[in-house]
Each structure stands twice: as structure tokens, then as C-alpha cells.
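Q: Before I ask anything, let me first share the structure, which is written out below as C-alpha cells.
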Amino acid sequence: MFTSRKLSITQDKPVFYVRYIGKIETFISHGEGATRVPVQKLWDAAAEERHLAQVSLTVSPSGLVMADIEHKGEMDFDIQNITYCSPEGKVNPRIFSWICQDPKTKKLQCYACLCSSKEKAQALALVLTRAFQIAYRDWKKMHDRSARLRVQEKGVGSKKTSEVVNRPNQNGDSLRRQSAEACNSEDLLPTAV
């Protein structure tokens, strides 16, 4: 009834080999259709596929790295500067594009690459979208932890109140605080971080 499949999971970052079409300035940062006009301009001006530079795109939660295979050059795109990514099906279903804000000039640039298939362009968009989700989750954890530490440093537990606070700990038990006088700021942190 059920068949088992063995999958190997590695720590390697996904790498896609594509052909670089180019980049162009844009004024729309995100949303459906944001890349259509810029990509159409790039595609109309592009050379034949075999004359486009071969690059590798490496995706990670920290961003995207584009490395020129022939000339050994490299460009890094930090995840916080990428505002949108999409397979550009309207222009050519094999094109993957993304919009990135230049950290120095604050201008938006649209980048486009030609993948070997429509499925690879879609997979690249899905992998980068997942990298966004992981980066946001990690940022949120760090932000929540630093907020708890700020509360701890400010000594919130030293205020005299008589309110009762119930909050579940990791075991699902309720922590009850009758008065802030008997509590210190360590009670605000979970037992294991």
C-alpha cells in the first residue's frame, strides 16, 4: 500500500545554473506584474541564449548569490534587500526574475535569468520564497528574545502590583504570580531558551 522512499537531506544550499539576461532599473517594488515590463525590456534587448553569461544562483536564508561561472565574479543579494521574486511566465515561462534594492543608492533593480525549463524557474521562485520564510522566522525569534531581554534588563518585575499573571510554561503548567514583590525578572523568561 505505502512505499518508502529514501531521501537524503544535506546542509548544502540549493544551487541553480542559469543564464543571466541582465538588470534594469524599476520603480515598482513588489506585486503581481511588477517584473513584467522590466523583464520584457531585458528580454527584447537580450542576445541569443547561447551568448548569455552562465551563472549559478545559490539560495540561502541570508540571500541570493549570483556567481559568474566563466569569469569567477560574484554578486550578493541580501535577503532584506530583495523585495520580490517570480517566474516571469508572461514574457517567457523559463525566466526567473527578482527585484532588489541597492543598499547604497536605494534604487530598485530588476534582475532576470533564463532557466533550462519552466519547472526550474518555478522551483527557483519557490526555494527563494522559502528562504524568505526561514529568514523571517529566524528574525522573529531573535527579535522576541531581545525583547524579553530588554524587559528583563528594565526590571519590570520590581514594580509593585497585585495583579495575577497566568502563563503556561513549556510543560503546559500555569505559572501564577500573586504579587510582583515575590517575583524577579527571571520569571518572565521561559525555563529553557
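Scheme for the C-alpha cells: letters A, B, ... for chains in order shown; per-chain residue numbers from 1; ligand numbers from 1 in order shown.
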Would you mind listing what lies within 10 Å of segment 78-89 of chain A as a PyMOL selection string, with only C-alpha atoms counted and same-chain residues fewer than 3 positions away left out?
A: chain A and resi 28-36+39-40+59-65+75+92-103+106+108-115+118-126+128-129+131-132+135-136
Q: Rounded to one decimal place, report the atom CA of Lys41 of chain A-atom CA of Arg19 of chain A distance in Å.
A: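 It comes out at 16.4 Å.
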Q: Would you mind reading off the distance between atom CA of Gly73 of chain A and atom CA of Val15 of chain A, one decimal, in Å?
A: 15.8 Å
Q: Enumerate as a VMD selection string all residues of segment 71-175 of chain A assigned to helix (DSSP H, G or I) by DSSP on the backbone, naming them with the chain letters and numbers the document uses.
A: chain A and resid 79 to 81 118 to 154 156 to 158
